[in-house]
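Shown below: coords_24.cif, with mmCIF, C-alpha atoms.
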data_target
loop_
_atom_site.label_atom_id
_atom_site.label_comp_id
_atom_site.auth_asym_id
_atom_site.auth_seq_id
_atom_site.Cartn_x
_atom_site.Cartn_y
_atom_site.Cartn_z
CA MET S 1 20.12 -9.55 5.32
CA PRO S 2 18.63 -12.26 3.12
CA SER S 3 20.46 -13.25 -0.01
CA HIS S 4 18.93 -13.02 -3.46
CA THR S 5 19.15 -15.59 -6.18
CA SER S 6 19.49 -14.59 -9.81
CA ASN S 7 15.75 -14.81 -10.42
CA GLY S 8 14.90 -12.42 -7.59
CA ALA S 9 13.85 -15.06 -5.05
CA THR S 10 14.76 -14.31 -1.45
CA ASN S 11 16.28 -16.96 0.78
CA GLY S 12 16.62 -16.94 4.54
CA ASN S 13 14.59 -15.63 7.44
CA ALA S 14 14.13 -11.93 6.72
CA THR S 15 13.40 -11.09 10.37
CA SER S 16 16.62 -12.55 11.77
CA GLN S 17 18.53 -9.24 11.81
CA ILE S 18 15.80 -7.10 13.38
CA HIS S 19 16.02 -6.33 17.09
CA TYR S 20 13.05 -7.75 19.02
CA ILE S 21 11.74 -6.11 22.22
CA PRO S 22 9.46 -8.38 24.30
CA LEU S 23 7.07 -5.58 25.27
CA SER S 24 3.68 -4.39 24.05
CA TYR S 25 2.09 -1.06 23.30
CA ASP S 26 -1.01 -0.39 25.40
CA SER S 27 -3.69 0.86 23.00
CA SER S 28 -5.99 1.80 25.90
CA ASN S 29 -4.02 5.05 26.11
CA ASP S 30 -4.63 5.98 22.50
CA CYS S 31 -6.16 9.32 23.49
CA SER S 32 -2.87 10.36 25.10
CA ASN S 33 0.27 11.64 23.39
CA ASP S 34 2.53 10.49 26.23
CA ASP S 35 1.58 7.05 27.49
CA SER S 36 3.93 4.96 29.58
CA SER S 37 4.02 1.92 27.28
CA ALA S 38 5.24 3.96 24.31
CA ARG S 39 7.87 5.63 26.48
CA GLN S 40 9.07 2.27 27.78
CA LEU S 41 9.42 0.92 24.24
CA ILE S 42 11.34 3.98 23.04
CA LEU S 43 13.69 4.02 26.03
CA THR S 44 14.36 0.30 25.64
CA LEU S 45 15.38 0.95 22.05
CA GLN S 46 17.25 4.17 22.88
CA PRO S 47 18.54 4.04 26.48
CA ALA S 48 20.49 7.27 25.93
CA TRP S 49 17.17 9.11 25.66
CA SER S 50 16.68 8.62 29.43
CA SER S 51 19.57 11.00 30.21
CA PRO S 52 18.89 14.20 32.21
CA SER S 53 19.44 16.35 29.09
CA SER S 54 16.83 14.45 27.07
CA HIS S 55 13.25 15.56 26.62
CA VAL S 56 11.21 12.83 24.92
CA GLU S 57 7.88 13.82 23.38
CA PHE S 58 5.30 11.99 21.27
CA GLU S 59 3.24 13.26 18.37
CA ARG S 60 0.22 11.24 17.29
CA PHE S 61 -0.70 10.89 13.61
CA THR S 62 -4.41 10.44 13.03
CA ASP S 63 -4.71 10.06 9.25
CA GLY S 64 -4.86 6.24 9.24
CA ILE S 65 -7.84 4.04 10.11
CA THR S 66 -6.03 0.80 11.02
CA ASN S 67 -3.01 1.31 13.30
CA THR S 68 -1.71 3.66 16.00
CA LEU S 69 1.21 5.78 14.77
CA LEU S 70 3.38 7.88 17.10
CA LYS S 71 6.40 10.00 16.30
CA ALA S 72 8.91 10.01 19.16
CA VAL S 73 11.42 12.88 19.33
CA ASN S 74 14.13 13.86 21.76
CA ARG S 75 14.08 17.65 22.06
CA LYS S 76 17.51 18.06 23.58
CA PRO S 77 18.54 21.69 24.12
CA GLY S 78 20.45 23.29 21.26
CA LEU S 79 19.22 20.97 18.49
CA SER S 80 17.51 22.31 15.37
CA LYS S 81 14.21 20.89 14.15
CA GLU S 82 16.06 19.14 11.31
CA GLN S 83 18.52 17.58 13.77
CA ILE S 84 15.68 16.43 16.01
CA ASP S 85 13.76 14.94 13.09
CA SER S 86 16.85 13.16 11.77
CA GLU S 87 16.87 11.05 14.96
CA ALA S 88 13.08 10.78 15.34
CA ILE S 89 11.46 7.34 15.57
CA LEU S 90 8.07 6.19 14.36
CA LEU S 91 6.29 3.74 16.62
CA ARG S 92 3.52 1.85 14.87
CA ALA S 93 1.22 -0.36 16.93
CA TYR S 94 -1.03 -2.75 15.08
CA GLY S 95 -4.78 -2.27 15.20
CA HIS S 96 -6.80 -4.67 17.33
CA GLY S 97 -7.35 -8.01 15.61
CA THR S 98 -5.58 -7.01 12.40
CA ASP S 99 -3.43 -10.17 12.46
CA LEU S 100 -6.56 -11.76 11.05
CA ILE S 101 -6.08 -9.88 7.78
CA ILE S 102 -2.40 -8.87 7.76
CA ASP S 103 0.60 -11.20 7.80
CA ARG S 104 2.97 -9.39 10.16
CA LEU S 105 5.99 -11.56 9.40
CA ARG S 106 5.56 -10.73 5.73
CA GLU S 107 5.28 -7.04 6.57
CA THR S 108 8.67 -7.21 8.27
CA GLN S 109 10.12 -9.07 5.30
CA ASN S 110 8.66 -6.44 2.97
CA HIS S 111 10.29 -3.67 4.98
CA GLU S 112 13.69 -5.36 4.95
CA LEU S 113 13.44 -6.02 1.22
CA LEU S 114 12.60 -2.38 0.55
CA MET S 115 15.46 -1.28 2.84
CA LYS S 116 17.83 -3.38 0.78
CA ASN S 117 16.60 -1.59 -2.33
CA GLY S 118 16.89 1.87 -0.78
CA LEU S 119 13.13 2.38 -0.68
CA ALA S 120 12.34 2.23 3.04
CA PRO S 121 13.74 3.81 6.20
CA PRO S 122 15.76 1.68 8.63
CA LEU S 123 13.60 -0.78 10.59
CA LEU S 124 14.92 -0.42 14.13
CA ALA S 125 12.97 -2.98 16.14
CA ARG S 126 9.89 -5.15 16.41
CA PHE S 127 7.83 -5.55 19.57
CA ASP S 128 4.89 -7.76 20.51
CA ASN S 129 2.26 -5.73 18.67
CA GLY S 130 4.17 -3.39 16.41
CA MET S 131 7.44 -2.06 15.08
CA MET S 132 9.67 1.01 15.25
CA TYR S 133 11.50 2.56 12.34
CA ARG S 134 13.33 5.75 11.45
CA PHE S 135 11.14 8.76 10.73
CA ILE S 136 11.00 9.84 7.08
CA GLN S 137 11.34 13.60 6.91
CA GLY S 138 8.83 15.32 4.69
CA LYS S 139 5.17 16.22 4.37
CA PRO S 140 2.47 13.55 4.29
CA CYS S 141 0.10 14.14 1.40
CA HIS S 142 -3.55 14.98 1.66
CA PRO S 143 -5.93 13.78 -1.06
CA ALA S 144 -5.77 17.18 -2.77
CA ASP S 145 -1.96 16.86 -3.05
CA LEU S 146 -2.35 13.66 -5.08
CA ARG S 147 -4.19 15.70 -7.71
CA ASN S 148 -1.27 18.14 -8.13
CA PRO S 149 0.47 17.26 -11.44
CA SER S 150 4.00 17.66 -10.03
CA ILE S 151 3.11 15.32 -7.15
CA TYR S 152 1.26 12.68 -9.14
CA LEU S 153 4.10 12.48 -11.66
CA ALA S 154 6.52 11.98 -8.75
CA VAL S 155 4.23 9.23 -7.43
CA ALA S 156 4.20 7.64 -10.89
CA ARG S 157 8.01 7.55 -10.94
CA ARG S 158 8.25 6.05 -7.46
CA ILE S 159 5.62 3.35 -8.11
CA ALA S 160 7.43 2.46 -11.32
CA GLN S 161 10.69 2.14 -9.39
CA TRP S 162 9.05 -0.26 -6.95
CA HIS S 163 7.52 -2.33 -9.73
CA ALA S 164 10.64 -2.45 -11.88
CA THR S 165 13.36 -3.05 -9.30
CA VAL S 166 11.99 -4.82 -6.20
CA PRO S 167 11.73 -8.61 -6.55
CA CYS S 168 8.53 -10.34 -5.53
CA LEU S 169 8.56 -12.33 -2.30
CA HIS S 170 6.63 -15.56 -2.71
CA GLU S 171 5.69 -18.21 -0.18
CA SER S 172 8.39 -20.78 -0.93
CA ASN S 173 11.29 -18.32 -0.62
CA ALA S 174 9.93 -15.99 2.05
CA ARG S 175 8.94 -18.38 4.83
CA ASN S 176 11.98 -20.61 5.29
CA GLY S 177 9.90 -22.70 7.68
CA ALA S 178 8.91 -19.80 9.92
CA ALA S 179 5.54 -19.92 11.64
CA THR S 180 3.20 -17.07 10.75
CA ASN S 181 -0.17 -15.75 11.70
CA GLY S 182 -1.46 -16.70 8.23
CA ALA S 183 -1.39 -20.50 8.09
CA HIS S 184 -0.60 -22.09 4.75
CA ASP S 185 -3.84 -22.90 2.95
CA PRO S 186 -3.43 -24.79 -0.35
CA SER S 187 -6.99 -24.04 -1.50
CA ARG S 188 -6.48 -20.34 -0.91
CA ASP S 189 -3.01 -20.25 -2.43
CA SER S 190 -4.20 -21.92 -5.66
CA ILE S 191 -7.12 -19.55 -6.27
CA ALA S 192 -5.32 -18.10 -9.31
CA PRO S 193 -3.65 -20.97 -11.24
CA GLY S 194 -0.08 -20.29 -12.26
CA LYS S 195 0.33 -17.31 -9.94
CA PRO S 196 2.83 -17.90 -7.10
CA SER S 197 1.41 -17.25 -3.64
CA PRO S 198 0.84 -14.83 -2.05
CA ASN S 199 -0.68 -12.35 -4.46
CA THR S 200 -3.63 -9.99 -4.61
CA TRP S 201 -6.01 -12.86 -5.39
CA THR S 202 -4.88 -15.03 -2.47
CA VAL S 203 -5.12 -12.03 -0.13
CA MET S 204 -8.75 -11.47 -1.11
CA GLN S 205 -9.44 -15.20 -0.70
CA LYS S 206 -7.93 -15.08 2.80
CA TRP S 207 -10.14 -12.13 3.69
CA ILE S 208 -13.30 -13.76 2.37
CA ASN S 209 -12.47 -16.83 4.45
CA ALA S 210 -12.20 -14.53 7.49
CA LEU S 211 -15.60 -12.88 7.04
CA PRO S 212 -18.09 -13.40 9.89
CA THR S 213 -20.52 -16.28 9.31
CA LYS S 214 -22.60 -16.36 12.48
CA THR S 215 -25.89 -15.45 10.80
CA GLU S 216 -27.62 -16.65 7.66
CA ALA S 217 -27.26 -13.18 6.16
CA GLN S 218 -23.50 -13.20 6.82
CA ARG S 219 -23.10 -16.64 5.30
CA ALA S 220 -25.09 -15.59 2.23
CA ARG S 221 -22.92 -12.51 1.81
CA GLN S 222 -19.73 -14.51 2.13
CA SER S 223 -21.01 -16.96 -0.49
CA GLY S 224 -21.91 -14.12 -2.86
CA LEU S 225 -18.52 -12.46 -2.47
CA GLN S 226 -16.80 -15.81 -3.04
CA LYS S 227 -18.64 -16.18 -6.34
CA GLU S 228 -17.57 -12.68 -7.33
CA LEU S 229 -13.93 -13.39 -6.47
CA SER S 230 -14.05 -16.53 -8.60
CA TRP S 231 -15.43 -14.46 -11.45
CA LEU S 232 -12.74 -11.79 -10.99
CA VAL S 233 -9.98 -14.39 -10.99
CA GLU S 234 -11.35 -16.01 -14.12
CA THR S 235 -11.77 -12.64 -15.85
CA LEU S 236 -8.62 -10.78 -14.80
CA SER S 237 -5.94 -12.96 -13.20
CA GLN S 238 -4.51 -14.45 -16.39
CA ARG S 239 -4.32 -11.22 -18.36
CA PRO S 240 -0.76 -10.40 -19.50
CA GLY S 241 0.98 -7.69 -17.55
CA LEU S 242 4.29 -6.27 -16.41
CA GLY S 243 6.62 -8.35 -14.26
CA LYS S 244 7.27 -12.06 -13.98
CA ASN S 245 4.02 -14.05 -14.09
CA GLY S 246 2.24 -10.74 -14.64
CA LEU S 247 3.00 -9.70 -11.03
CA VAL S 248 5.09 -6.87 -9.57
CA PHE S 249 6.01 -5.98 -6.00
CA ALA S 250 3.10 -3.63 -5.27
CA HIS S 251 2.32 -1.34 -2.34
CA CYS S 252 -1.46 -1.92 -2.58
CA ASP S 253 -2.30 0.88 -0.11
CA LEU S 254 -1.16 4.14 -1.66
CA LEU S 255 -3.60 6.42 0.08
CA SER S 256 -2.53 10.02 0.52
CA GLY S 257 -1.10 9.63 4.03
CA ASN S 258 1.28 6.92 2.83
CA VAL S 259 2.87 9.27 0.29
CA ILE S 260 5.55 11.53 1.79
CA ILE S 261 6.79 14.58 -0.13
CA GLU S 262 10.52 14.90 0.47
CA PRO S 263 11.65 18.32 1.73
CA LYS S 264 14.84 18.57 -0.32
CA GLY S 265 14.40 16.26 -3.28
CA PRO S 266 15.92 12.81 -3.80
CA GLY S 267 18.00 11.26 -1.07
CA THR S 268 16.94 13.44 1.89
CA ASN S 269 15.99 10.45 4.01
CA GLY S 270 18.47 7.93 2.74
CA THR S 271 15.64 6.29 0.82
CA GLY S 272 14.39 6.50 -2.74
CA LYS S 273 17.44 6.23 -4.97
CA GLU S 274 17.01 8.35 -8.07
CA ASN S 275 16.36 6.35 -11.20
CA GLY S 276 19.21 7.89 -13.18
CA ARG S 277 17.17 8.70 -16.27
CA CYS S 278 16.32 12.31 -17.19
CA GLN S 279 17.56 13.37 -13.75
CA HIS S 280 18.60 16.74 -15.10
CA SER S 281 14.98 17.49 -16.01
CA GLN S 282 13.74 16.39 -12.57
CA GLU S 283 16.16 18.39 -10.38
CA GLN S 284 13.49 20.97 -9.54
CA SER S 285 10.66 18.45 -9.38
CA PRO S 286 9.36 17.11 -6.08
CA SER S 287 10.29 13.62 -4.99
CA VAL S 288 8.16 11.31 -2.86
CA ASN S 289 8.59 8.23 -0.71
CA PHE S 290 6.08 5.65 0.45
CA ILE S 291 5.49 4.36 3.97
CA ASP S 292 3.46 1.51 5.55
CA TYR S 293 4.13 -1.78 3.79
CA GLU S 294 1.67 -4.06 5.58
CA TYR S 295 -0.47 -4.66 2.47
CA ALA S 296 2.42 -4.88 -0.01
CA THR S 297 2.24 -8.09 -2.04
CA PRO S 298 2.84 -9.36 -5.58
CA SER S 299 0.06 -7.91 -7.69
CA PRO S 300 -0.86 -6.92 -11.23
CA ALA S 301 0.60 -3.45 -11.80
CA ALA S 302 -2.82 -2.33 -13.04
CA PHE S 303 -4.34 -3.08 -9.63
CA ASP S 304 -1.75 -1.00 -7.76
CA LEU S 305 -2.36 1.97 -10.08
CA ALA S 306 -6.16 1.65 -10.05
CA ASN S 307 -6.05 1.42 -6.26
CA HIS S 308 -3.96 4.59 -6.03
CA PHE S 309 -6.27 6.48 -8.39
CA ALA S 310 -9.21 5.57 -6.14
CA GLU S 311 -7.40 7.27 -3.25
CA TRP S 312 -7.55 10.66 -4.97
CA GLY S 313 -11.01 10.94 -3.42
CA GLY S 314 -9.79 10.16 0.13
CA PHE S 315 -11.73 8.29 2.81
CA ASP S 316 -14.76 10.40 1.89
CA CYS S 317 -14.74 8.69 -1.52
CA ASP S 318 -15.26 11.96 -3.40
CA TYR S 319 -15.73 10.59 -6.90
CA SER S 320 -15.90 14.06 -8.47
CA VAL S 321 -12.12 14.48 -8.11
CA LEU S 322 -10.93 11.09 -9.38
CA PRO S 323 -8.40 11.32 -12.23
CA THR S 324 -9.82 11.90 -15.69
CA ARG S 325 -8.67 9.92 -18.70
CA ALA S 326 -6.15 12.66 -19.56
CA GLN S 327 -4.71 12.68 -16.03
CA ARG S 328 -4.46 8.89 -15.89
CA LEU S 329 -2.73 8.77 -19.25
CA GLU S 330 -0.24 11.47 -18.21
CA PHE S 331 0.50 9.52 -15.03
CA ILE S 332 0.85 6.21 -16.86
CA ARG S 333 3.15 7.65 -19.53
CA GLU S 334 5.49 8.88 -16.79
CA TYR S 335 5.26 5.49 -15.08
CA ILE S 336 6.11 3.64 -18.31
CA ARG S 337 9.08 5.92 -19.06
CA THR S 338 10.51 5.21 -15.62
CA TYR S 339 9.62 1.52 -15.53
CA PHE S 340 11.39 0.64 -18.77
CA SER S 341 14.44 2.73 -17.87
CA LEU S 342 14.86 0.59 -14.74
CA ALA S 343 13.48 -2.85 -15.56
CA ALA S 344 15.83 -5.80 -15.92
CA GLY S 345 17.19 -5.85 -19.44
CA ALA S 346 17.03 -2.07 -19.93
CA GLU S 347 20.81 -2.03 -20.36
CA THR S 348 20.53 -4.22 -23.45
CA GLY S 349 19.30 -1.26 -25.45
CA GLU S 350 16.21 -3.09 -26.68
CA GLU S 351 13.87 -0.49 -28.13
CA ILE S 352 10.53 -0.19 -26.36
CA ASP S 353 7.47 1.43 -27.89
CA GLU S 354 6.64 3.40 -24.75
CA GLU S 355 3.46 4.91 -26.14
CA ALA S 356 2.10 1.49 -27.06
CA GLU S 357 3.03 0.20 -23.59
CA ALA S 358 1.35 3.21 -21.97
CA GLN S 359 -1.86 2.67 -23.93
CA ARG S 360 -1.82 -1.02 -23.05
CA LEU S 361 -1.42 -0.29 -19.33
CA PHE S 362 -4.03 2.46 -19.52
CA ASP S 363 -6.52 -0.11 -20.78
CA GLU S 364 -5.52 -2.58 -18.08
CA VAL S 365 -6.00 -0.01 -15.33
CA ASP S 366 -9.41 0.71 -16.81
CA MET S 367 -10.25 -2.99 -16.58
CA PHE S 368 -9.15 -3.10 -12.92
CA ARG S 369 -10.90 0.08 -11.80
CA GLY S 370 -13.61 -1.77 -9.86
CA VAL S 371 -11.32 -4.24 -8.08
CA PRO S 372 -10.10 -1.85 -5.35
CA GLY S 373 -13.70 -1.35 -4.23
CA PHE S 374 -14.11 -5.12 -3.89
CA TYR S 375 -10.75 -5.45 -2.09
CA TRP S 376 -11.35 -2.72 0.49
CA GLY S 377 -15.02 -3.56 0.82
CA ILE S 378 -14.19 -7.05 2.08
CA TRP S 379 -11.46 -5.62 4.31
CA ALA S 380 -13.90 -3.14 5.87
CA LEU S 381 -16.48 -5.87 6.54
CA ILE S 382 -13.86 -7.64 8.67
CA GLN S 383 -12.68 -4.43 10.34
CA ALA S 384 -16.26 -3.66 11.32
CA THR S 385 -16.18 -6.75 13.54
CA ILE S 386 -12.69 -6.39 15.08
CA SER S 387 -11.53 -2.76 15.13
CA HIS S 388 -11.60 -0.51 18.19
CA ILE S 389 -10.94 2.61 16.08
CA ASP S 390 -13.73 5.18 15.89
CA PHE S 391 -14.56 4.77 12.21
CA ASP S 392 -17.72 3.54 10.51
CA TYR S 393 -16.24 0.53 8.76
CA ALA S 394 -19.64 -0.98 8.01
CA GLN S 395 -20.73 2.08 6.05
CA TYR S 396 -17.33 2.32 4.36
CA ALA S 397 -17.69 -1.32 3.26
CA GLU S 398 -21.00 -0.58 1.55
CA VAL S 399 -19.55 2.47 -0.22
CA ARG S 400 -16.52 0.59 -1.51
CA LEU S 401 -18.49 -2.48 -2.55
CA GLY S 402 -20.88 -0.09 -4.28
CA GLU S 403 -17.98 1.00 -6.48
CA TYR S 404 -17.41 -2.60 -7.46
CA TRP S 405 -21.06 -3.22 -8.31
CA ALA S 406 -21.17 -0.01 -10.37
CA TRP S 407 -18.19 -1.25 -12.35
CA ARG S 408 -19.80 -4.65 -12.83
CA GLN S 409 -22.95 -2.97 -14.08
CA ALA S 410 -20.91 -0.80 -16.45
CA ILE S 411 -19.22 -3.89 -17.89
CA ASP S 412 -22.56 -5.62 -18.35
CA SER S 413 -24.06 -2.48 -19.89
CA SER S 414 -21.22 -2.24 -22.40
CA ARG S 415 -22.29 -5.65 -23.65
CA LYS S 416 -26.02 -5.03 -23.34
CA PRO S 417 -26.87 -1.28 -23.14
CA THR S 418 -29.67 -0.46 -20.69
CA GLY S 419 -29.98 3.29 -21.23
CA GLU S 420 -29.55 3.96 -17.50
CA GLU S 421 -27.52 6.92 -16.23
CA PRO S 422 -24.10 5.69 -15.02
CA PRO S 423 -23.10 6.38 -11.38
CA LEU S 424 -20.91 9.42 -10.65
CA ARG S 425 -17.73 7.35 -10.25
CA GLU S 426 -18.16 5.72 -13.64
CA LYS S 427 -19.02 9.06 -15.27
CA ARG S 428 -15.90 10.68 -13.79
CA TRP S 429 -13.73 7.74 -14.84
CA ALA S 430 -14.92 8.17 -18.43
CA GLN S 431 -14.39 11.95 -18.41
CA LEU S 432 -11.76 13.06 -20.93
CA GLU S 433 -10.34 16.18 -19.29
#
Structure translated into structure tokens:
Amino acid sequence: MPSHTSNGATNGNATSQIHYIPLSYDSSNDCSNDDSSARQLILTLQPAWSSPSSHVEFERFTDGITNTLLKAVNRKPGLSKEQIDSEAILLRAYGHGTDLIIDRLRETQNHELLMKNGLAPPLLARFDNGMMYRFIQGKPCHPADLRNPSIYLAVARRIAQWHATVPCLHESNARNGAATNGAHDPSRDSIAPGKPSPNTWTVMQKWINALPTKTEAQRARQSGLQKELSWLVETLSQRPGLGKNGLVFAHCDLLSGNVIIEPKGPGTNGTGKENGRCQHSQEQSPSVNFIDYEYATPSPAAFDLANHFAEWGGFDCDYSVLPTRAQRLEFIREYIRTYFSLAAGAETGEEIDEEAEAQRLFDEVDMFRGVPGFYWGIWALIQATISHIDFDYAQYAEVRLGEYWAWRQAIDSSRKPTGEEPPLREKRWAQLE
């Protein structure tokens, strides 16, 4: 495992300890639950599963819109469901062309870093176009689950644990000279002065650079989005926030399917160490874990929270169920309580005005509420040109970018009222209860 310096920097090649299998998953069989390439990968990792007493089966998860995700189980006679699931393996094959937008070496480093901090399942192997890791027992959330108070408070605690305890991986200490699919680009990496790369801003710059530019309309759109990113960076990137340099280690993709409700509370999967504060009051409360770390990167905490709140509406972008002001404040108060119980220096006993911190973060999340629409809108424009998944990325891009433009209009209207009716998303965001 990589070593950590006193300031949280990581040294060494984080992929050096992960078993590599020189095989590929064949995505042409994505309509099947039992294709030969998946079986070959699993049996290479687990040769014992080829024994006469073994019965290997695959279950396909269909909630995501980027990758192929299969659960491999060995239904040997006499084993209980819990015993079978305890040995189950998740096989995740990357979506076609996604190396254009996702740094796969960094994803592996993220997973190892989270493993070290007890926040990710064991990463068992990498292969040419994916990875395999231990199955996390539990129930994946649906968008409606995220709106359940007991669940969203558990999510708040887990996000706070990530932000408070996991050190940020930056370019200089993560690469160690390793070649990656995302070539070093000084102009991209310096988009937000004073912010070590990579971060949310450099990711968006990378994606804008990757937008199609074959037609005049495409080039005009890229130019317009570049101007907007420059405005966002100037407006938001230097605002004070939690973490060193105003950045925390953020998940950046906390949609419902990436939130797993643990079946038996903390520790069931060997992940998610309890934070140690007020544990007696949380013994009957649900606990959650997060999966899929491909978009995790240093980010303003407010972006990670605003992005999660946007996911309450699911892929359908149902704005009528987004969190109200009261729900967001309840979530953020729980986040702040957990964050400052875990953050470096908490043991010094320095008194923190948690309510003031909660109100400050509440305002920051409000400021960032339009950024997730910009972020995923750009992403979807790229996916529309590369993905083989049956999903209308082009339409999704327009919906998400529409959220951003509605937020921009709301900001402009606050300075110069127009008297126009605000869009549903903005009305819901301003709703008290």
With all atoms listed in the file as the counted atoms, please give the residues lying no more than 9 Å from Asp292 of chain S, apart from itself and same-chain residues fewer than 5 positions off, as a ChimeraX atom specification. /S:107,111,251,253-254,258
Within 10 Å of file point (9.8, 6.5, 27.6), counting all atoms listed in the file, expressed as a ChimeraX atom specification: /S:34-47,49-50,55-58,72
Do a neighbour search on His96 of chain S at 8 Å with only C-alpha atoms, toss out local chain neighbours closer than 3 positions, and write the hits as a ChimeraX atom specification. /S:386-388
One decimal, in Å: what's the spacing between atom CA of Phe135 of chain S and atom CA of Phe249 of chain S? 22.9 Å
Expressed in Å to a single decimal, how great is the separation between atom CA of Cys141 of chain S and atom CA of Pro423 of chain S?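 Atom-to-atom, atom CA of Cys141 of chain S and atom CA of Pro423 of chain S are spaced 27.6 Å apart.
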Which residues are close to Lys139 of chain S, i.e. within 7 Å by only C-alpha atoms, leaving aside same-chain residues fewer than 4 positions away? Reply as a list in words. Ile260, Ile261 and Glu262 of chain S
What would the file look like if the residues just selected were written as a PDB file, in the coordinates of the input with C-alpha atoms?
ATOM      1  CA  ILE S 260       5.550  11.530   1.790  1.00  0.00           C
ATOM      2  CA  ILE S 261       6.790  14.580  -0.130  1.00  0.00           C
ATOM      3  CA  GLU S 262      10.520  14.900   0.470  1.00  0.00           C
TER       4      GLU S 262
END
So, with only C-alpha atoms as the atoms that count, which of S:Val73, S:Gly241, S:Ala250, S:Leu229 lies closest to Asp363 of chain S?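 Of all the options, S:Gly241 lies closest to Asp363 of chain S.
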One decimal place gives the atom CA of Leu91 of chain S-atom CA of Ser24 of chain S separation as 11.3 Å
Padded axis-aligned box of segment 193-202 of chain S (5 Å per side), centre and edge lengths, Å, one decimal, as JSON:
{"center_x": -1.6, "center_y": -15.5, "center_z": -7.2, "size_x": 18.8, "size_y": 21.0, "size_z": 20.2}
Let me make sure I understand: among S:Ile382, S:Ala410, S:Ala301, S:Leu23, which one has the smallest atom-to-atom distance to Asn129 of chain S if we use all atoms listed in the file?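 Counting all atoms listed in the file, the residue closest to Asn129 of chain S is S:Leu23.
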Find, counting only C-alpha atoms, the residue in S:Phe309, S:Phe127, S:Phe362, S:Tyr339 that gets nearest to Val166 of chain S.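 Nearest to Val166 of chain S: S:Tyr339.
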Hits from the PyMOL selection byres ((chain S and resi 332) around 12), listed as a ChimeraX atom specification: /S:152-160,301-302,304-306,308-309,323,325-331,333-339,354-366
Pick from S:Leu232, S:Arg400, S:Pro121, S:Gln137: nearest to Ile84 of chain S, with all atoms listed in the file counted?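 Residue with the minimum atom-to-atom distance to Ile84 of chain S: S:Gln137.
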Quick one: apply the PyMOL selection byres ((chain S and resi 422) around 10) to the file and drop the selected residues here as a list in words.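 Applying the PyMOL selection byres ((chain S and resi 422) around 10) to the structure shown produces Ala406, Trp407, Gln409, Ala410, Ser413, Gly419, Glu420, Glu421, Pro423, Leu424, Arg425, Glu426, Lys427 and Arg428 of chain S.
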Answer key for the PyMOL selection byres ((chain S and resi 230) around 12), residues as number ranges by chain: S: 188, 190-193, 201-202, 204-205, 208, 223-229, 231-237
Kindly output segment 111-122 of chain S as a PDB file, in the coordinates of the input, after building N, CA and C atoms.
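Saved the output as part-v1.pdb:
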ATOM      1  N   HIS S 111       9.519  -4.847   4.578  1.00  0.00           N
ATOM      2  CA  HIS S 111      10.290  -3.670   4.980  1.00  0.00           C
ATOM      3  C   HIS S 111      11.776  -3.895   4.753  1.00  0.00           C
ATOM      4  N   GLU S 112      12.262  -5.072   5.144  1.00  0.00           N
ATOM      5  CA  GLU S 112      13.690  -5.360   4.950  1.00  0.00           C
ATOM      6  C   GLU S 112      14.056  -5.391   3.463  1.00  0.00           C
ATOM      7  N   LEU S 113      13.186  -5.968   2.659  1.00  0.00           N
ATOM      8  CA  LEU S 113      13.440  -6.020   1.220  1.00  0.00           C
ATOM      9  C   LEU S 113      13.514  -4.618   0.639  1.00  0.00           C
ATOM     10  N   LEU S 114      12.603  -3.758   1.044  1.00  0.00           N
ATOM     11  CA  LEU S 114      12.600  -2.380   0.550  1.00  0.00           C
ATOM     12  C   LEU S 114      13.816  -1.614   1.075  1.00  0.00           C
ATOM     13  N   MET S 115      14.234  -1.879   2.323  1.00  0.00           N
ATOM     14  CA  MET S 115      15.460  -1.280   2.840  1.00  0.00           C
ATOM     15  C   MET S 115      16.644  -1.634   1.959  1.00  0.00           C
ATOM     16  N   LYS S 116      16.721  -2.901   1.602  1.00  0.00           N
ATOM     17  CA  LYS S 116      17.830  -3.380   0.780  1.00  0.00           C
ATOM     18  C   LYS S 116      17.880  -2.666  -0.563  1.00  0.00           C
ATOM     19  N   ASN S 117      16.699  -2.274  -1.048  1.00  0.00           N
ATOM     20  CA  ASN S 117      16.600  -1.590  -2.330  1.00  0.00           C
ATOM     21  C   ASN S 117      16.552  -0.069  -2.193  1.00  0.00           C
ATOM     22  N   GLY S 118      16.837   0.430  -0.995  1.00  0.00           N
ATOM     23  CA  GLY S 118      16.890   1.870  -0.780  1.00  0.00           C
ATOM     24  C   GLY S 118      15.553   2.557  -0.837  1.00  0.00           C
ATOM     25  N   LEU S 119      14.472   1.828  -0.538  1.00  0.00           N
ATOM     26  CA  LEU S 119      13.130   2.380  -0.680  1.00  0.00           C
ATOM     27  C   LEU S 119      12.342   2.399   0.618  1.00  0.00           C
ATOM     28  N   ALA S 120      13.013   2.180   1.735  1.00  0.00           N
ATOM     29  CA  ALA S 120      12.340   2.230   3.040  1.00  0.00           C
ATOM     30  C   ALA S 120      13.336   2.706   4.081  1.00  0.00           C
ATOM     31  N   PRO S 121      12.849   3.364   5.130  1.00  0.00           N
ATOM     32  CA  PRO S 121      13.740   3.810   6.200  1.00  0.00           C
ATOM     33  C   PRO S 121      14.204   2.619   7.033  1.00  0.00           C
ATOM     34  N   PRO S 122      15.276   2.781   7.806  1.00  0.00           N
ATOM     35  CA  PRO S 122      15.760   1.680   8.630  1.00  0.00           C
ATOM     36  C   PRO S 122      14.675   1.176   9.602  1.00  0.00           C
TER      37      PRO S 122
END
